[in-house]
file data.txt (compact mmCIF, C-alpha atoms)
# COMPACT_ATOMS: atom_id res chain seq x y z
CA MET A 255 -51.22 -35.93 -33.13
CA THR A 256 -54.39 -34.55 -31.60
CA ARG A 257 -56.74 -35.47 -28.83
CA PRO A 258 -60.49 -35.74 -29.44
CA LEU A 259 -62.60 -32.59 -29.30
CA ASN A 260 -63.56 -31.77 -25.69
CA ASN A 261 -61.74 -34.93 -24.52
CA LEU A 262 -65.06 -36.82 -24.72
CA ILE A 263 -64.87 -40.44 -25.89
CA GLY A 264 -67.82 -42.64 -26.80
CA VAL A 265 -67.83 -46.33 -25.89
CA ILE A 266 -70.42 -48.69 -27.35
CA GLY A 267 -70.41 -52.01 -25.50
CA VAL A 268 -69.64 -51.69 -21.80
CA GLY A 269 -69.11 -55.33 -20.84
CA LEU A 270 -65.96 -56.74 -19.24
CA LEU A 271 -63.53 -55.27 -21.77
CA GLY A 272 -65.55 -52.12 -22.39
CA THR A 273 -65.67 -51.36 -18.67
CA ALA A 274 -61.91 -51.87 -18.40
CA LEU A 275 -61.42 -49.43 -21.29
CA CYS A 276 -63.65 -46.90 -19.53
CA HIS A 277 -61.49 -47.24 -16.40
CA ARG A 278 -58.43 -46.44 -18.50
CA LEU A 279 -60.10 -43.48 -20.18
CA ARG A 280 -61.38 -42.00 -16.94
CA GLY A 281 -58.00 -42.48 -15.29
CA ALA A 282 -56.36 -40.56 -18.14
CA GLY A 283 -58.76 -37.65 -17.68
CA HIS A 284 -61.19 -38.33 -20.52
CA SER A 285 -64.91 -37.82 -20.23
CA VAL A 286 -66.80 -40.93 -21.37
CA ILE A 287 -70.27 -41.45 -22.77
CA GLY A 288 -71.30 -45.06 -23.22
CA TYR A 289 -74.11 -47.25 -24.43
CA ASP A 290 -74.94 -50.87 -23.75
CA LEU A 291 -78.09 -52.97 -24.01
CA GLN A 292 -77.53 -54.10 -20.40
CA GLN A 293 -78.58 -51.41 -17.93
CA GLU A 294 -76.35 -52.78 -15.17
CA GLN A 295 -73.30 -52.19 -17.36
CA LEU A 296 -74.34 -48.56 -17.76
CA ASP A 297 -74.81 -48.28 -14.00
CA ASP A 298 -71.19 -49.33 -13.56
CA LEU A 299 -70.14 -46.67 -16.09
CA VAL A 300 -72.01 -43.97 -14.17
CA GLU A 301 -70.24 -45.08 -10.98
CA LEU A 302 -66.97 -44.43 -12.81
CA GLY A 303 -68.10 -40.89 -13.53
CA GLY A 304 -69.18 -41.55 -17.09
CA GLN A 305 -72.42 -40.67 -18.85
CA ALA A 306 -75.00 -43.27 -19.84
CA ALA A 307 -76.45 -42.74 -23.33
CA LYS A 308 -79.89 -43.99 -24.29
CA SER A 309 -78.90 -45.05 -27.80
CA ILE A 310 -76.11 -45.42 -30.31
CA GLU A 311 -77.37 -42.22 -31.92
CA ASP A 312 -76.88 -40.34 -28.63
CA VAL A 313 -73.25 -41.45 -28.49
CA ALA A 314 -72.65 -40.44 -32.10
CA ALA A 315 -74.20 -37.01 -31.49
CA ALA A 316 -71.99 -36.34 -28.49
CA THR A 317 -68.49 -37.18 -29.72
CA SER A 318 -66.31 -37.59 -32.79
CA VAL A 319 -64.35 -40.60 -31.42
CA ILE A 320 -66.24 -43.82 -30.74
CA ILE A 321 -64.74 -47.05 -29.38
CA LEU A 322 -66.57 -50.32 -29.99
CA SER A 323 -66.22 -53.26 -27.59
CA LEU A 324 -68.77 -55.84 -28.68
CA PRO A 325 -69.27 -59.62 -28.34
CA ASP A 326 -68.51 -60.41 -31.98
CA SER A 327 -68.00 -58.79 -35.36
CA THR A 328 -71.52 -59.59 -36.54
CA ILE A 329 -72.78 -57.19 -33.89
CA SER A 330 -69.98 -54.78 -34.73
CA LYS A 331 -71.13 -54.71 -38.36
CA ALA A 332 -74.69 -53.95 -37.29
CA VAL A 333 -73.50 -51.09 -35.06
CA CYS A 334 -71.26 -49.69 -37.81
CA ALA A 335 -74.24 -49.75 -40.17
CA GLN A 336 -76.09 -47.53 -37.69
CA LEU A 337 -73.10 -45.24 -37.20
CA ALA A 338 -72.79 -44.81 -40.96
CA HIS A 339 -76.13 -43.01 -40.82
CA CYS A 340 -75.80 -41.05 -37.58
CA ALA A 341 -72.12 -40.27 -36.88
CA ALA A 342 -70.74 -36.98 -38.19
CA ALA A 343 -68.47 -36.91 -41.21
CA GLY A 344 -64.87 -36.83 -40.04
CA SER A 345 -65.58 -38.98 -36.96
CA THR A 346 -63.38 -41.95 -36.07
CA VAL A 347 -64.57 -45.41 -35.03
CA ILE A 348 -62.04 -47.62 -33.20
CA ASP A 349 -63.18 -51.24 -32.94
CA THR A 350 -61.68 -53.43 -30.19
CA THR A 351 -64.02 -56.36 -30.98
CA THR A 352 -62.46 -59.74 -31.70
CA GLY A 353 -63.91 -60.86 -35.01
CA ALA A 354 -63.33 -61.99 -38.56
CA PRO A 355 -60.77 -59.92 -40.50
CA GLU A 356 -63.12 -59.56 -43.47
CA ASP A 357 -65.76 -57.99 -41.19
CA ALA A 358 -63.28 -55.30 -40.17
CA VAL A 359 -62.59 -54.57 -43.85
CA ASP A 360 -66.32 -54.37 -44.55
CA ASN A 361 -66.79 -51.95 -41.64
CA SER A 362 -64.01 -49.73 -42.95
CA LYS A 363 -65.57 -49.57 -46.41
CA LEU A 364 -69.08 -48.98 -45.09
CA LEU A 365 -68.07 -46.12 -42.81
CA GLY A 366 -65.67 -44.71 -45.36
CA ALA A 367 -68.57 -44.17 -47.74
CA SER A 368 -69.96 -41.72 -45.14
CA ASN A 369 -66.55 -40.08 -44.62
CA ILE A 370 -66.17 -41.77 -41.22
CA ARG A 371 -62.74 -43.24 -40.55
CA PHE A 372 -62.25 -46.71 -39.12
CA MET A 373 -59.43 -48.40 -37.25
CA GLU A 374 -59.37 -51.74 -35.46
CA ALA A 375 -57.55 -52.05 -32.14
CA THR A 376 -57.82 -55.67 -31.05
CA VAL A 377 -56.74 -56.46 -27.52
CA ALA A 378 -54.76 -59.29 -25.94
CA GLY A 379 -55.19 -59.74 -22.22
CA ALA A 380 -57.91 -60.30 -19.65
CA SER A 381 -60.11 -57.37 -18.67
CA SER A 382 -58.19 -57.11 -15.38
CA GLN A 383 -54.94 -56.70 -17.33
CA VAL A 384 -56.49 -54.10 -19.63
CA LYS A 385 -57.73 -52.17 -16.59
CA GLU A 386 -54.15 -52.10 -15.28
CA GLY A 387 -52.81 -50.88 -18.63
CA SER A 388 -50.99 -54.11 -19.45
CA GLY A 389 -53.27 -55.27 -22.25
CA VAL A 390 -51.60 -55.40 -25.66
CA PHE A 391 -53.28 -53.52 -28.52
CA MET A 392 -52.84 -54.66 -32.12
CA VAL A 393 -53.95 -51.88 -34.42
CA GLY A 394 -54.94 -52.21 -38.04
CA GLY A 395 -55.57 -49.04 -40.00
CA PRO A 396 -54.06 -46.23 -42.08
CA ASP A 397 -50.74 -44.79 -40.90
CA ASP A 398 -52.07 -41.25 -40.53
CA LEU A 399 -55.09 -42.35 -38.50
CA PHE A 400 -52.86 -44.40 -36.22
CA ARG A 401 -50.56 -41.43 -35.67
CA GLN A 402 -53.52 -39.13 -35.00
CA HIS A 403 -54.85 -41.36 -32.24
CA THR A 404 -51.56 -42.57 -30.78
CA PRO A 405 -52.05 -40.45 -27.61
CA LEU A 406 -55.48 -42.00 -27.03
CA LEU A 407 -54.17 -45.52 -27.62
CA GLY A 408 -51.36 -44.77 -25.20
CA ASP A 409 -53.93 -43.87 -22.56
CA LEU A 410 -55.50 -47.30 -23.04
CA SER A 411 -52.35 -49.40 -22.96
CA ASN A 412 -48.62 -49.35 -22.33
CA VAL A 413 -48.07 -51.67 -25.31
CA VAL A 414 -49.47 -50.77 -28.74
CA PHE A 415 -48.47 -52.31 -32.07
CA HIS A 416 -49.45 -50.96 -35.47
CA VAL A 417 -49.58 -54.24 -37.40
CA GLY A 418 -50.80 -53.06 -40.81
CA GLU A 419 -53.95 -52.08 -42.64
CA VAL A 420 -57.50 -52.84 -41.52
CA GLY A 421 -57.90 -56.62 -41.12
CA ALA A 422 -54.33 -57.16 -39.91
CA GLY A 423 -55.29 -56.46 -36.30
CA ALA A 424 -57.93 -59.20 -36.36
CA ARG A 425 -55.54 -61.71 -37.95
CA VAL A 426 -52.77 -61.06 -35.43
CA LYS A 427 -55.27 -61.19 -32.56
CA LEU A 428 -56.45 -64.63 -33.65
CA VAL A 429 -52.86 -65.91 -33.76
CA VAL A 430 -52.29 -64.53 -30.25
CA ASN A 431 -55.55 -66.02 -28.96
CA LEU A 432 -54.58 -69.41 -30.33
CA ALA A 433 -51.43 -69.38 -28.20
CA LEU A 434 -53.19 -67.93 -25.15
CA GLY A 435 -55.97 -70.48 -25.23
CA LEU A 436 -53.63 -73.43 -25.60
CA ASN A 437 -51.38 -72.08 -22.82
CA ARG A 438 -54.43 -72.04 -20.52
CA ALA A 439 -55.35 -75.57 -21.53
CA VAL A 440 -51.78 -76.80 -20.94
CA LEU A 441 -51.76 -75.14 -17.51
CA ALA A 442 -55.12 -76.73 -16.67
CA GLU A 443 -53.89 -80.18 -17.69
CA SER A 444 -50.63 -79.75 -15.76
CA LEU A 445 -52.46 -78.75 -12.58
CA ALA A 446 -54.98 -81.55 -13.07
CA LEU A 447 -52.16 -84.08 -13.17
CA ALA A 448 -50.52 -82.47 -10.12
CA GLU A 449 -53.78 -82.68 -8.15
CA ALA A 450 -54.42 -86.26 -9.22
CA ALA A 451 -50.88 -87.22 -8.17
CA GLY A 452 -51.25 -85.61 -4.76
CA ILE A 453 -48.87 -82.72 -5.41
CA PRO A 454 -49.89 -79.54 -3.55
CA LEU A 455 -51.19 -77.23 -6.26
CA HIS A 456 -49.58 -74.04 -5.01
CA SER A 457 -46.24 -75.82 -4.92
CA ALA A 458 -46.77 -77.17 -8.42
CA LEU A 459 -47.63 -73.71 -9.73
CA GLU A 460 -44.59 -72.17 -8.04
CA VAL A 461 -42.30 -74.74 -9.64
CA LEU A 462 -43.95 -74.38 -13.05
CA LYS A 463 -43.41 -70.62 -12.98
CA ALA A 464 -39.69 -71.09 -12.25
CA THR A 465 -39.07 -73.49 -15.13
CA PRO A 466 -38.91 -73.09 -18.93
CA ALA A 467 -42.56 -74.27 -18.89
CA TYR A 468 -43.58 -70.77 -17.74
CA SER A 469 -46.33 -68.86 -19.50
CA ALA A 470 -48.20 -65.71 -18.53
CA ALA A 471 -51.32 -67.86 -18.14
CA MET A 472 -49.77 -69.10 -14.91
CA ASP A 473 -49.79 -65.57 -13.48
CA VAL A 474 -53.29 -64.69 -14.66
CA LYS A 475 -55.14 -68.01 -14.41
CA GLY A 476 -53.12 -70.28 -12.10
CA GLU A 477 -54.60 -69.05 -8.82
CA LYS A 478 -58.10 -69.02 -10.31
CA MET A 479 -57.77 -72.68 -11.26
CA ILE A 480 -56.36 -73.67 -7.88
CA THR A 481 -59.02 -71.86 -5.84
CA GLN A 482 -61.72 -72.56 -8.44
CA ASP A 483 -62.61 -68.88 -8.51
CA PHE A 484 -64.16 -68.74 -11.96
CA SER A 485 -65.65 -65.26 -11.70
CA PRO A 486 -65.23 -63.98 -15.27
CA GLN A 487 -62.33 -61.87 -16.45
CA ALA A 488 -63.01 -63.23 -19.95
CA ARG A 489 -65.86 -65.67 -20.46
CA LEU A 490 -65.23 -69.20 -21.66
CA LYS A 491 -67.95 -68.99 -24.32
CA GLN A 492 -66.21 -65.96 -25.83
CA HIS A 493 -63.00 -67.91 -26.25
CA ARG A 494 -64.94 -70.73 -27.90
CA LYS A 495 -66.16 -68.13 -30.39
CA ASP A 496 -62.54 -67.05 -30.93
CA VAL A 497 -61.42 -70.63 -31.55
CA GLY A 498 -64.06 -70.87 -34.25
CA LEU A 499 -62.63 -67.76 -35.91
CA ILE A 500 -59.10 -69.14 -35.55
CA ARG A 501 -60.08 -72.35 -37.31
CA GLN A 502 -61.94 -70.39 -39.97
CA LEU A 503 -58.82 -68.31 -40.69
CA ALA A 504 -56.74 -71.50 -40.83
CA ALA A 505 -59.16 -73.08 -43.30
CA GLN A 506 -58.97 -70.02 -45.54
CA HIS A 507 -55.21 -70.47 -45.69
CA GLN A 508 -55.24 -74.29 -45.82
CA GLN A 509 -53.44 -74.71 -42.50
CA GLU A 510 -54.31 -77.64 -40.25
CA LEU A 511 -54.58 -76.86 -36.51
CA PRO A 512 -54.87 -80.22 -34.72
CA LEU A 513 -54.44 -78.79 -31.21
CA SER A 514 -57.07 -76.12 -31.80
CA THR A 515 -59.48 -78.79 -33.05
CA LEU A 516 -59.07 -80.68 -29.77
CA HIS A 517 -59.29 -77.41 -27.84
CA ALA A 518 -62.64 -76.65 -29.49
CA GLN A 519 -63.95 -80.03 -28.35
CA LEU A 520 -62.86 -79.36 -24.76
CA LEU A 521 -64.49 -75.93 -24.78
CA ASP A 522 -67.68 -77.43 -26.20
CA SER A 523 -67.67 -79.91 -23.31
CA ALA A 524 -67.31 -77.00 -20.88
CA ILE A 525 -70.23 -75.15 -22.44
CA ASP A 526 -72.35 -78.31 -22.44
CA ALA A 527 -71.58 -78.63 -18.70
CA GLY A 528 -72.88 -75.10 -18.12
CA TYR A 529 -69.53 -73.31 -17.77
CA GLY A 530 -69.88 -70.94 -20.72
CA GLU A 531 -70.53 -67.83 -18.63
CA LEU A 532 -67.61 -68.60 -16.29
CA ASP A 533 -64.05 -67.42 -16.71
CA ASN A 534 -62.10 -69.20 -19.44
CA SER A 535 -59.93 -70.76 -16.71
CA ALA A 536 -62.93 -73.04 -16.03
CA ILE A 537 -61.50 -75.36 -18.67
CA TYR A 538 -59.69 -76.78 -15.63
CA LYS A 539 -63.03 -78.22 -14.42
CA VAL A 540 -63.46 -80.09 -17.70
CA ILE A 541 -59.93 -81.48 -17.85
CA ARG A 542 -59.90 -82.46 -14.16
CA GLY A 543 -63.12 -84.41 -14.64
CA TYR A 544 -62.46 -85.75 -18.15
CA PRO A 545 -63.68 -89.36 -18.43
CA LEU A 546 -61.16 -92.16 -18.79
CA PRO A 547 -61.29 -94.08 -22.11

call {"tool": "encode", "arguments": {"input": "data.txt", "output": "structure tokens"}}
result
Amino acid sequence: MTRPLNNLIGVIGVGLLGTALCHRLRGAGHSVIGYDLQQEQLDDLVELGGQAAKSIEDVAAATSVIILSLPDSTISKAVCAQLAHCAAAGSTVIDTTTGAPEDAVDNSKLLGASNIRFMEATVAGASSQVKEGSGVFMVGGPDDLFRQHTPLLGDLSNVVFHVGEVGAGARVKLVVNLALGLNRAVLAESLALAEAAGIPLHSALEVLKATPAYSAAMDVKGEKMITQDFSPQARLKQHRKDVGLIRQLAAQHQQELPLSTLHAQLLDSAIDAGYGELDNSAIYKVIRGYPLP
């Protein structure tokens, strides 16, 4: 198992998750060079002690290990197409983007044709959890590549699973996101009922946490729902994108997902109300104000 040459890691996509990953890398002693279309994201990276690149090509020229953290796998495919032409042979691309499993497979084949290795490392957990090291990484890729980069993955998270070949990480991530999203929706509906019934919300949350109804969503999102602090840890519109991928995977395997179908409708209502850029806990606003039949 080896660490990257010169301990320099490239990060393409320095949004909420990408910034959290940069925090982890800097805390572990890595130098970081990053690129993002949004200048303010790069300003945050510089404040962390990282370097701001002017292009994807600049990142590829500076390091042999590049982490992707992008809004969706369509963008990831476009970035990988660029890297196939500018990254050095023998480089490794690690994609943390939540996307379609088939896109991860396509990326692996495309980069492999240029002798660039590819591994997906999908992430479960809000950006705040990832920053703390408690995000869960689900890695899909060859055994030897996983072993080679195990130290780096360990710097990013305390919990790392190697779940199979490329594509497996995306599939497992979608299963996890299904449960996470529905847990948030259940919490939102529970607190909405408590508020409507005149039960003090902090008391309701305390009781919920102590019962078999407990889920980690209560720790991460409960206080945000109660105080209506919807500053984004993970944006609601991103989870709506994930629910679309979840339903697409289900359709490919002829599995009905009635709860996810309803969840998609609730998220669409939230986006229509202008909540898409807010934290995904803002589903509480939709459920609390849902019209009576």

call {"tool": "residues_around", "arguments": {"input": "data.txt", "residues": "Val286 of chain A", "least_positions_apart": "5", "cutoff": "6 Å", "atoms": "only C-alpha atoms", "output": "mmCIF file with C-alpha atoms, in the frame of the given file"}}
result
data_model
loop_
_atom_site.group_PDB
_atom_site.id
_atom_site.type_symbol
_atom_site.label_atom_id
_atom_site.label_comp_id
_atom_site.auth_asym_id
_atom_site.auth_seq_id
_atom_site.Cartn_x
_atom_site.Cartn_y
_atom_site.Cartn_z
ATOM 1 C CA LEU A 262 -65.060 -36.820 -24.720
ATOM 2 C CA ILE A 263 -64.870 -40.440 -25.890
ATOM 3 C CA GLY A 264 -67.820 -42.640 -26.800
ATOM 4 C CA GLY A 304 -69.180 -41.550 -17.090
#

call {"tool": "closest_residue", "arguments": {"input": "data.txt", "among": "A:Val313, A:Leu520, A:Met392, A:Ala380", "to": "Val347 of chain A", "atoms": "only C-alpha atoms"}}
result
A:Val313

call {"tool": "closest_residue", "arguments": {"input": "data.txt", "among": "A:Asn361, A:Ser318, A:Thr465, A:Asn534", "to": "Arg494 of chain A", "atoms": "all atoms listed in the file"}}
result
A:Asn534

call {"tool": "residues_around", "arguments": {"input": "data.txt", "residues": "Pro396 of chain A", "least_positions_apart": "5", "cutoff": "10 Å", "atoms": "only C-alpha atoms", "output": "PyMOL selection string"}}
result
chain A and resi 371-373+401+416+418-420

call {"tool": "closest_residue", "arguments": {"input": "data.txt", "among": "A:Pro405, A:Gly543, A:Pro486, A:Gly379", "to": "Ala527 of chain A", "atoms": "all atoms listed in the file"}}
result
A:Gly543

call {"tool": "closest_residue", "arguments": {"input": "data.txt", "among": "A:His284, A:Ile541, A:Gln482, A:Leu436", "to": "Thr515 of chain A", "atoms": "all atoms listed in the file"}}
result
A:Leu436

call {"tool": "closest_residue", "arguments": {"input": "data.txt", "among": "A:Val265, A:Leu503, A:Ala488, A:Leu428", "to": "Ser285 of chain A", "atoms": "only C-alpha atoms"}}
result
A:Val265

call {"tool": "residues_near_point", "arguments": {"input": "data.txt", "point": "(-59.8, -54.6, -41.5)", "cutoff": "6 Å", "atoms": "only C-alpha atoms", "output": "list of chain:residue names"}}
result
A:Pro355, A:Ala358, A:Val359, A:Val420, A:Gly421

call {"tool": "atom_distance", "arguments": {"input": "data.txt", "atom1": "atom CA of Arg278 of chain A", "atom2": "atom CA of Asp298 of chain A"}}
result
14.0 Å

call {"tool": "residues_around", "arguments": {"input": "data.txt", "residues": "Val390 of chain A", "least_positions_apart": "4", "cutoff": "7 Å", "atoms": "only C-alpha atoms", "output": "PyMOL selection string"}}
result
chain A and resi 377-379+411+413-414

call {"tool": "decode", "arguments": {"input": "data.txt", "residues": "segment 288-315 of chain A", "atoms": "N, CA and C atoms", "output": "PDB file, in the first residue's frame"}}
result
ATOM      1  N   GLY A 288      -7.223  21.865  -6.136  1.00  0.00           N
ATOM      2  CA  GLY A 288      -8.607  21.636  -6.529  1.00  0.00           C
ATOM      3  C   GLY A 288      -9.070  22.542  -7.639  1.00  0.00           C
ATOM      4  N   TYR A 289     -10.142  22.106  -8.269  1.00  0.00           N
ATOM      5  CA  TYR A 289     -10.763  22.907  -9.329  1.00  0.00           C
ATOM      6  C   TYR A 289     -12.271  22.833  -9.198  1.00  0.00           C
ATOM      7  N   ASP A 290     -12.907  23.979  -9.423  1.00  0.00           N
ATOM      8  CA  ASP A 290     -14.363  24.065  -9.411  1.00  0.00           C
ATOM      9  C   ASP A 290     -14.762  25.230 -10.303  1.00  0.00           C
ATOM     10  N   LEU A 291     -15.920  25.139 -10.916  1.00  0.00           N
ATOM     11  CA  LEU A 291     -16.413  26.231 -11.746  1.00  0.00           C
ATOM     12  C   LEU A 291     -16.793  27.449 -10.919  1.00  0.00           C
ATOM     13  N   GLN A 292     -17.085  27.237  -9.627  1.00  0.00           N
ATOM     14  CA  GLN A 292     -17.490  28.327  -8.740  1.00  0.00           C
ATOM     15  C   GLN A 292     -16.271  28.879  -8.004  1.00  0.00           C
ATOM     16  N   GLN A 293     -15.936  30.124  -8.245  1.00  0.00           N
ATOM     17  CA  GLN A 293     -14.739  30.715  -7.653  1.00  0.00           C
ATOM     18  C   GLN A 293     -14.807  30.731  -6.131  1.00  0.00           C
ATOM     19  N   GLU A 294     -16.008  30.960  -5.579  1.00  0.00           N
ATOM     20  CA  GLU A 294     -16.104  31.018  -4.118  1.00  0.00           C
ATOM     21  C   GLU A 294     -15.734  29.697  -3.465  1.00  0.00           C
ATOM     22  N   GLN A 295     -15.997  28.584  -4.160  1.00  0.00           N
ATOM     23  CA  GLN A 295     -15.600  27.281  -3.629  1.00  0.00           C
ATOM     24  C   GLN A 295     -14.076  27.176  -3.578  1.00  0.00           C
ATOM     25  N   LEU A 296     -13.427  27.698  -4.607  1.00  0.00           N
ATOM     26  CA  LEU A 296     -11.958  27.677  -4.629  1.00  0.00           C
ATOM     27  C   LEU A 296     -11.382  28.600  -3.560  1.00  0.00           C
ATOM     28  N   ASP A 297     -12.062  29.697  -3.284  1.00  0.00           N
ATOM     29  CA  ASP A 297     -11.610  30.588  -2.213  1.00  0.00           C
ATOM     30  C   ASP A 297     -11.613  29.855  -0.880  1.00  0.00           C
ATOM     31  N   ASP A 298     -12.647  29.060  -0.648  1.00  0.00           N
ATOM     32  CA  ASP A 298     -12.712  28.270   0.585  1.00  0.00           C
ATOM     33  C   ASP A 298     -11.561  27.270   0.644  1.00  0.00           C
ATOM     34  N   LEU A 299     -11.232  26.669  -0.491  1.00  0.00           N
ATOM     35  CA  LEU A 299     -10.118  25.717  -0.537  1.00  0.00           C
ATOM     36  C   LEU A 299      -8.807  26.397  -0.184  1.00  0.00           C
ATOM     37  N   VAL A 300      -8.583  27.586  -0.714  1.00  0.00           N
ATOM     38  CA  VAL A 300      -7.352  28.322  -0.420  1.00  0.00           C
ATOM     39  C   VAL A 300      -7.273  28.642   1.073  1.00  0.00           C
ATOM     40  N   GLU A 301      -8.414  28.982   1.677  1.00  0.00           N
ATOM     41  CA  GLU A 301      -8.440  29.250   3.115  1.00  0.00           C
ATOM     42  C   GLU A 301      -8.026  28.023   3.926  1.00  0.00           C
ATOM     43  N   LEU A 302      -8.286  26.837   3.362  1.00  0.00           N
ATOM     44  CA  LEU A 302      -7.875  25.592   4.023  1.00  0.00           C
ATOM     45  C   LEU A 302      -6.389  25.299   3.843  1.00  0.00           C
ATOM     46  N   GLY A 303      -5.735  26.092   3.011  1.00  0.00           N
ATOM     47  CA  GLY A 303      -4.328  25.837   2.721  1.00  0.00           C
ATOM     48  C   GLY A 303      -4.106  25.054   1.454  1.00  0.00           C
ATOM     49  N   GLY A 304      -5.167  24.898   0.649  1.00  0.00           N
ATOM     50  CA  GLY A 304      -5.033  24.199  -0.612  1.00  0.00           C
ATOM     51  C   GLY A 304      -4.676  25.139  -1.751  1.00  0.00           C
ATOM     52  N   GLN A 305      -4.436  24.567  -2.913  1.00  0.00           N
ATOM     53  CA  GLN A 305      -4.120  25.337  -4.110  1.00  0.00           C
ATOM     54  C   GLN A 305      -5.337  25.342  -5.035  1.00  0.00           C
ATOM     55  N   ALA A 306      -5.605  26.485  -5.651  1.00  0.00           N
ATOM     56  CA  ALA A 306      -6.694  26.598  -6.603  1.00  0.00           C
ATOM     57  C   ALA A 306      -6.146  26.448  -8.013  1.00  0.00           C
ATOM     58  N   ALA A 307      -6.611  25.452  -8.737  1.00  0.00           N
ATOM     59  CA  ALA A 307      -6.200  25.256 -10.132  1.00  0.00           C
ATOM     60  C   ALA A 307      -7.120  26.049 -11.048  1.00  0.00           C
ATOM     61  N   LYS A 308      -6.618  26.382 -12.222  1.00  0.00           N
ATOM     62  CA  LYS A 308      -7.403  27.135 -13.188  1.00  0.00           C
ATOM     63  C   LYS A 308      -8.191  26.238 -14.141  1.00  0.00           C
ATOM     64  N   SER A 309      -7.871  24.945 -14.135  1.00  0.00           N
ATOM     65  CA  SER A 309      -8.538  24.040 -15.069  1.00  0.00           C
ATOM     66  C   SER A 309      -8.379  22.605 -14.614  1.00  0.00           C
ATOM     67  N   ILE A 310      -9.152  21.724 -15.217  1.00  0.00           N
ATOM     68  CA  ILE A 310      -9.005  20.292 -14.985  1.00  0.00           C
ATOM     69  C   ILE A 310      -7.614  19.838 -15.414  1.00  0.00           C
ATOM     70  N   GLU A 311      -7.134  20.396 -16.516  1.00  0.00           N
ATOM     71  CA  GLU A 311      -5.804  20.031 -17.021  1.00  0.00           C
ATOM     72  C   GLU A 311      -4.712  20.379 -16.015  1.00  0.00           C
ATOM     73  N   ASP A 312      -4.874  21.493 -15.297  1.00  0.00           N
ATOM     74  CA  ASP A 312      -3.884  21.882 -14.291  1.00  0.00           C
ATOM     75  C   ASP A 312      -3.837  20.866 -13.148  1.00  0.00           C
ATOM     76  N   VAL A 313      -5.005  20.376 -12.759  1.00  0.00           N
ATOM     77  CA  VAL A 313      -5.050  19.358 -11.699  1.00  0.00           C
ATOM     78  C   VAL A 313      -4.358  18.085 -12.178  1.00  0.00           C
ATOM     79  N   ALA A 314      -4.689  17.657 -13.384  1.00  0.00           N
ATOM     80  CA  ALA A 314      -4.113  16.421 -13.921  1.00  0.00           C
ATOM     81  C   ALA A 314      -2.601  16.517 -14.069  1.00  0.00           C
ATOM     82  N   ALA A 315      -2.093  17.715 -14.377  1.00  0.00           N
ATOM     83  CA  ALA A 315      -0.651  17.889 -14.545  1.00  0.00           C
ATOM     84  C   ALA A 315       0.096  17.875 -13.218  1.00  0.00           C
TER      85      ALA A 315
END
